[in-house]
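Enquirer: So that we are looking at the same thing, I have put the structure below in structure tokens.
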Amino acid sequence: MSATEIRALHHLFKSADPSQVAAVQVEAYWPRRYVAPLPSKHDPRKVDAYINHGRWVADCPFCRGAEMVTPTDPRFFCMSCDNSGASGKWLGVRFPKGAAEIEGVLKRRTFPEERNWHPQETVKDLRAEDEAVRRGVKL
Ligand SMILES: [Zn+2]
């Protein structure tokens, strides 16, 4: 992984089965992992993935928590509140259709803290930001 890679959960947690990376993370870091079983059920609701400082993350809809996420295992479990509003069930994660193009634009930015994208932004918006910066506009 290069320094300019947009990082996702699968870059930090390895699994022989990429569709299980979120479970590997929860098994490793969930504070209640010794006293409660891993979530096995799924809630139909989804959270939106976004890019913050070069990382794919999603916000918990029930508390102020956030977790890194991955398109290889698009499940969300907040280790701060145990997905309290979904009775401890996994939530789905919605990634944008143009994720590779978004990453391609952001990877050209110099510093990780400049690599941000929110679902309401288009690739055209990101390119316009880069053009504005090249012209010396402070964002
Ligand atoms: Zn939470």
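Numbering starts fresh at 1 for the residues of each chain in the structure tokens, the chains themselves are lettered A, B, ... in the order given, and ligands are numbered from 1 as they appear.
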I need the strand (DSSP E or B) residues of stretch 87-128 of chain A per DSSP on the backbone, written as a tab-separated table (two decimals) with N, CA and C atoms, in the first residue's frame.
Expert:
```
chain	number	residue	atom	x	y	z
A	90	TRP	N	-25.84	-6.15	12.64
A	90	TRP	CA	-25.03	-5.45	11.65
A	90	TRP	C	-25.92	-4.52	10.84
A	91	LEU	N	-25.36	-3.41	10.40
A	91	LEU	CA	-26.00	-2.56	9.38
A	91	LEU	C	-25.22	-2.74	8.09
A	92	GLY	N	-25.85	-2.47	6.97
A	92	GLY	CA	-25.14	-2.49	5.70
A	92	GLY	C	-24.40	-1.18	5.49
A	93	VAL	N	-23.44	-1.18	4.57
A	93	VAL	CA	-22.71	0.03	4.21
A	93	VAL	C	-22.89	0.27	2.72
A	94	ARG	N	-23.30	1.49	2.40
A	94	ARG	CA	-23.51	1.88	1.00
A	94	ARG	C	-22.27	2.62	0.50
A	117	TRP	N	-14.13	13.12	0.98
A	117	TRP	CA	-15.27	13.06	0.06
A	117	TRP	C	-16.52	12.70	0.87
```
Enquirer: As a PyMOL selection string, which residues of chain A does DSSP assign to helix (DSSP H, G or I)?
Expert: chain A and resi 9-12+18-29+84-86+99-107+112-114+123-134
Enquirer: Please provide as a PyMOL selection string all residues within 10 Å of A:Arg75, with the sequence filter that same-chain residues fewer than 2 positions apart are discarded (counting only C-alpha atoms).
Expert: chain A and resi 19-23+42+46-47+69-73+77+89-94
Enquirer: Which residues form the shell of 12 Å around ligand 1 when you count only C-alpha atoms and all ligand atoms, given as JSON, numbers by chain?
Expert: {"A": [30, 47, 58, 59, 60, 61, 62, 63, 64, 65, 66, 67, 76, 77, 78, 79, 80, 81, 82, 83, 84, 85, 86, 87, 88, 89, 90, 91]}
Enquirer: Just want the 10 Å neighbourhood of A:Ile51, counted on only C-alpha atoms, with same-chain residues fewer than 6 positions away dropped. Output as a list in words.
Expert: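 In the requested format, the answer is Ile6, Arg7, Ala8, Val57, Ala58, Met68, Val69, Ala99, Ile102, Glu103, Leu106, Arg115, Asn116, Trp117, His118 and Pro119 of chain A.
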